[in-house]
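See below for the structure under consideration.
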Amino acid sequence: MENLQPHDWFFKQIFSNPLSIKTVLNIFAPKLASKIETSSLQLVNTEKFSEKSQKFMLDLLFSCKIDNDDIFIRLVFEHKSYIDNTLPSQLMYYNAVIWEETAKETNSYPPIINIVFYHGKRKWNIPTTLPVLKDKQLEDFVQKLNYILIDLNEIQDDDLIRNVYEDVCTISALLIMKHIFDDLEIIKNILKLLYENNASCIFLVIDYVVIVKKDLEKVEEILKEISGGEEKMMTLTEKWKMEGWIKGKKEALIKLIQLKFGAIPENLEKVINECKDLEELDRILTKVALANSIDEINIK
């Protein structure tokens with residue numbers, strides 16, 4: 001993850017949560033959202049697919065069920081200042097890779113719903129159905145690509161804000177990504193919204209804003225204003241720094257396990273990612289340092 005751009009990193013952090021995907025679909029594709037069995041939404045590890053394509057493909061892949069049928073939902077993130085006209089061929093290629101892998105495991109070819117998420121400044125100009133046919137009678141014979149476009153430039157802030165109390169972190173993340181290239185005064189209102197709702201993701205959002213805007217002093221001024229004074233601002237920034245230390249400790253711990261043992265079991269990675277206590281992370285770190293095998297770590 002350290003090689004990702006800040007937009008990519010923030011996107012992955014927020015939208016790896018299946019509930020965030022359901023929120024996004026409720027807003028941008030309500031008919032599709034109404035058909036998905038919410039409890040069936042699961043993030044799929046795309047590492048094996050990425051190896052097949054010989055490069056890291058920036059996307060998120062979810063499995064879910066619609067009418068008891070297995071479906072893949074693939075979320076692709078585009079934030080470039082220009083429109084990448086190779087995107088359709090990339091979508092088609094990676095869909096083929098997913099089918100190839102799935103056919104080996106289940107002998108099936110489940111539907112893949114492609115969603116392209118865009119927050120760049122240029123107007124999107126790639127049709128959502130390709131190719132565009134003049135002769136409609138050919139449609140039944142021609143291989144086609146469809147994708148859902150989520151373009152934050154095309155939605156009003158008020159349309160997002162009216163959903164904020166259903167999922168404050170996801171809605172605020174959408175607002176932040178929409179306005180990340182704008183003046184910090186606009187972003188201030190979003191940070192205030194997060195602060196007033198005591199949102200757990202506020203520190204993640206602050207990290208993103210500081211990294212992209214490169215103006216820590218101005219961000220600290222905003223934090224002082226929205227928190228209501230110097231003393232409360234200090235409490236907020238101390239919590240922010242603590243979150244940073246915990247996040248850094250988790251990343252270092254996972255990297256150490258990977259270096260020592262080659263891979264990290266899913267249950268162990270989950271324990272580390274869910275831990276919010278520095279002392280507990282230090283205890284796990286000591287166990288890892290002394291262990292001769294992954295089985296010796298023994299953390300529940």
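How things are named: the first chain in the structure tokens is A, the next is B, and so on; residues count from 1 in each chain; ligands count from 1 in the order shown.
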
Surrounding residues of Pro88 in chain A excluding itself and chain neighbours under 6 positions, 9 Å, only C-alpha atoms, as a PyMOL selection string: chain A and resi 126+130+145

Writer output for current selection, all heavy atoms, as an mmCIF file, in the first residue's frame:
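part_29.cif, written as the output of this step:
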data_model
loop_
_atom_site.group_PDB
_atom_site.id
_atom_site.type_symbol
_atom_site.label_atom_id
_atom_site.label_comp_id
_atom_site.auth_asym_id
_atom_site.auth_seq_id
_atom_site.Cartn_x
_atom_site.Cartn_y
_atom_site.Cartn_z
ATOM 1 N N ILE A 126 -15.950 8.724 -21.903
ATOM 2 C CA ILE A 126 -15.959 7.355 -22.421
ATOM 3 C C ILE A 126 -17.361 6.780 -22.229
ATOM 4 O O ILE A 126 -17.861 6.728 -21.103
ATOM 5 C CB ILE A 126 -14.928 6.471 -21.691
ATOM 6 C CG1 ILE A 126 -13.520 7.061 -21.829
ATOM 7 C CG2 ILE A 126 -14.951 5.053 -22.247
ATOM 8 C CD1 ILE A 126 -12.456 6.316 -21.040
ATOM 9 N N LEU A 130 -19.968 -0.037 -24.611
ATOM 10 C CA LEU A 130 -19.084 -0.065 -25.784
ATOM 11 C C LEU A 130 -19.158 -1.434 -26.456
ATOM 12 O O LEU A 130 -19.291 -2.450 -25.769
ATOM 13 C CB LEU A 130 -17.630 0.221 -25.354
ATOM 14 C CG LEU A 130 -17.336 1.649 -24.922
ATOM 15 C CD1 LEU A 130 -15.968 1.716 -24.248
ATOM 16 C CD2 LEU A 130 -17.364 2.588 -26.112
ATOM 17 N N LEU A 145 -19.212 -4.199 -23.627
ATOM 18 C CA LEU A 145 -18.759 -3.878 -22.273
ATOM 19 C C LEU A 145 -19.708 -2.838 -21.697
ATOM 20 O O LEU A 145 -19.983 -1.807 -22.338
ATOM 21 C CB LEU A 145 -17.338 -3.312 -22.298
ATOM 22 C CG LEU A 145 -16.857 -2.694 -20.972
ATOM 23 C CD1 LEU A 145 -16.641 -3.781 -19.925
ATOM 24 C CD2 LEU A 145 -15.580 -1.895 -21.169
#

Could you write out, as JSON, numbers by chain, all the residues of range 30-69 of chain A that DSSP marks as strand (DSSP E or B)? {"A": [36, 42, 43, 44, 59, 60, 61, 62, 63, 64, 65, 66, 69]}

Any chance you can output those residues with N, CA, C and O atoms as a short mmCIF file (atom, residue, chain, number, x, y, z; two decimals), in the first residue's frame?
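Output below, filename result.cif:
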data_model
loop_
_atom_site.label_atom_id
_atom_site.label_comp_id
_atom_site.auth_asym_id
_atom_site.auth_seq_id
_atom_site.Cartn_x
_atom_site.Cartn_y
_atom_site.Cartn_z
N ILE A 36 -29.27 -6.63 -4.03
CA ILE A 36 -28.13 -7.30 -3.40
C ILE A 36 -28.48 -7.75 -1.99
O ILE A 36 -29.05 -6.99 -1.20
N GLN A 42 -18.89 -9.48 0.31
CA GLN A 42 -17.58 -9.80 0.88
C GLN A 42 -16.47 -9.32 -0.03
O GLN A 42 -16.55 -9.47 -1.26
N LEU A 43 -15.43 -8.75 0.58
CA LEU A 43 -14.26 -8.32 -0.18
C LEU A 43 -13.47 -9.54 -0.63
O LEU A 43 -13.22 -10.46 0.15
N VAL A 44 -13.08 -9.56 -1.90
CA VAL A 44 -12.32 -10.67 -2.48
C VAL A 44 -10.87 -10.26 -2.64
O VAL A 44 -10.57 -9.16 -3.12
N ASP A 59 -8.09 -1.70 -7.92
CA ASP A 59 -9.53 -1.85 -7.85
C ASP A 59 -9.89 -2.62 -6.60
O ASP A 59 -9.03 -3.09 -5.86
N LEU A 60 -11.17 -2.72 -6.35
CA LEU A 60 -11.70 -3.54 -5.27
C LEU A 60 -12.71 -4.49 -5.87
O LEU A 60 -13.52 -4.11 -6.71
N LEU A 61 -12.65 -5.74 -5.44
CA LEU A 61 -13.55 -6.76 -5.97
C LEU A 61 -14.36 -7.34 -4.82
O LEU A 61 -13.80 -7.75 -3.81
N PHE A 62 -15.67 -7.37 -5.01
CA PHE A 62 -16.58 -7.92 -4.00
C PHE A 62 -17.38 -9.06 -4.61
O PHE A 62 -17.74 -9.02 -5.78
N SER A 63 -17.65 -10.06 -3.80
CA SER A 63 -18.61 -11.09 -4.18
C SER A 63 -19.90 -10.83 -3.42
O SER A 63 -19.88 -10.26 -2.32
N CYS A 64 -21.01 -11.21 -4.02
CA CYS A 64 -22.29 -11.05 -3.35
C CYS A 64 -23.31 -11.98 -4.01
O CYS A 64 -22.98 -12.69 -4.96
N LYS A 65 -24.51 -11.96 -3.50
CA LYS A 65 -25.58 -12.77 -4.08
C LYS A 65 -26.76 -11.88 -4.46
O LYS A 65 -27.13 -10.96 -3.73
N ILE A 66 -27.31 -12.18 -5.65
CA ILE A 66 -28.54 -11.55 -6.10
C ILE A 66 -29.47 -12.68 -6.52
O ILE A 66 -29.13 -13.48 -7.41
N ASP A 69 -27.93 -16.02 -6.74
CA ASP A 69 -26.88 -16.23 -7.74
C ASP A 69 -25.62 -15.49 -7.33
O ASP A 69 -25.67 -14.37 -6.79
#

Just the number, please: distance in Å from CA of Ala96 in chain A to CA of Val142 in chain A, one decimal. 16.2 Å

So that I can check the secondary structure, give me every residue of range 29-189 of chain A assigned helix (DSSP H, G or I) by backbone DSSP, as a ChimeraX atom specification. /A:30-35,38-40,47-53,87-106,136-138,152-154,157-161,168-179,184-189

Within 10 Å of Asp84 in chain A, counting only C-alpha atoms, which residues show up once you throw out same-chain ones fewer than 5 positions away? Write them as a VMD selection string, please. chain A and resid 78 to 79 124 to 126

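In this comparison, which uses only C-alpha atoms, the residue of A:Val97, A:Ile297, A:Ile27, A:Leu175 approaching Ser50 in chain A most closely is A:Val97.
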
A:Leu87, A:Leu160, A:Lys276, A:Lys255 ranked by distance to Phe28 in chain A, top pick (using only C-alpha atoms):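 Comparing A:Leu87, A:Leu160, A:Lys276, A:Lys255 against Phe28 in chain A, the winner is A:Leu160.
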
Can you tell me how far CA of Val116 in chain A sits from CA of Asn146 in chain A, in Å to one decimal?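 Distance reported for this atom pair: 10.4 Å.
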
Looking at only C-alpha atoms, which of A:Leu184, A:Leu194, A:Leu149, A:Ile222 is the one that sits closest to Val168 in chain A?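 So, comparing all the options, the nearest one is A:Leu194.
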
Residues within 12 Å of His179 in chain A, please, as a PyMOL selection string. Count only C-alpha atoms; anything in the same chain fewer than 4 positions from it doesn't count. chain A and resi 119-121+152-153+155-157+172-175+183-191+209+212-213

In Å, how far is it from CA of Lys31 in chain A to CA of Ser89 in chain A?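 One can read the CA of Lys31 in chain A to CA of Ser89 in chain A distance as 26.6 Å.
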
Polymer residues at most 12 Å from Glu280 in chain A, only C-alpha atoms, same-chain spacing of 4 or more positions, as a list in words: Ile246, Lys249, Lys250, Leu253, Val271, Ile272, Asn273, Glu274, Cys275, Lys276, Ile284, Leu285, Thr286, Lys287 and Ile299 of chain A

I need the residues from that last selection saved to file as a tab-separated table (two decimals), in the first residue's frame (with N, CA and C atoms), if you can.
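Result went into selection_25.tsv, see below:
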chain	number	residue	atom	x	y	z
A	246	ILE	N	-0.53	4.34	16.01
A	246	ILE	CA	-1.12	2.99	15.99
A	246	ILE	C	-1.09	2.44	14.57
A	249	LYS	N	2.42	1.43	13.67
A	249	LYS	CA	2.81	0.21	14.39
A	249	LYS	C	2.20	-1.02	13.72
A	250	LYS	N	0.93	-0.92	13.31
A	250	LYS	CA	0.27	-2.04	12.63
A	250	LYS	C	0.98	-2.37	11.32
A	253	LEU	N	4.28	-4.04	12.01
A	253	LEU	CA	4.08	-5.38	12.54
A	253	LEU	C	3.73	-6.37	11.41
A	271	VAL	N	-6.79	-9.56	13.64
A	271	VAL	CA	-6.56	-9.16	15.04
A	271	VAL	C	-5.73	-7.88	15.09
A	272	ILE	N	-4.67	-7.84	14.28
A	272	ILE	CA	-3.79	-6.66	14.26
A	272	ILE	C	-4.54	-5.43	13.77
A	273	ASN	N	-5.27	-5.57	12.68
A	273	ASN	CA	-5.97	-4.42	12.11
A	273	ASN	C	-7.07	-3.89	13.02
A	274	GLU	N	-7.66	-4.76	13.83
A	274	GLU	CA	-8.74	-4.33	14.72
A	274	GLU	C	-8.25	-3.82	16.06
A	275	CYS	N	-6.95	-4.02	16.34
A	275	CYS	CA	-6.38	-3.59	17.63
A	275	CYS	C	-6.26	-2.07	17.68
A	276	LYS	N	-6.65	-1.45	18.79
A	276	LYS	CA	-6.60	0.00	18.94
A	276	LYS	C	-5.73	0.42	20.12
A	284	ILE	N	2.20	-7.97	20.92
A	284	ILE	CA	2.19	-8.82	19.73
A	284	ILE	C	3.54	-8.75	19.02
A	285	LEU	N	4.10	-7.54	18.95
A	285	LEU	CA	5.41	-7.35	18.30
A	285	LEU	C	6.49	-8.18	18.98
A	286	THR	N	6.47	-8.21	20.31
A	286	THR	CA	7.45	-9.00	21.06
A	286	THR	C	7.29	-10.49	20.73
A	287	LYS	N	6.04	-10.96	20.69
A	287	LYS	CA	5.79	-12.37	20.34
A	287	LYS	C	6.33	-12.71	18.96
A	299	ILE	N	-2.13	-15.86	18.69
A	299	ILE	CA	-2.92	-14.72	19.16
A	299	ILE	C	-4.37	-14.91	18.73

Name all residues at most 10 Å from Pro111 in chain A (count only C-alpha atoms; drop same-chain ones fewer than 6 positions away) and give them as an MDAnalysis selection string. chainID A and resid 69:73 95 99
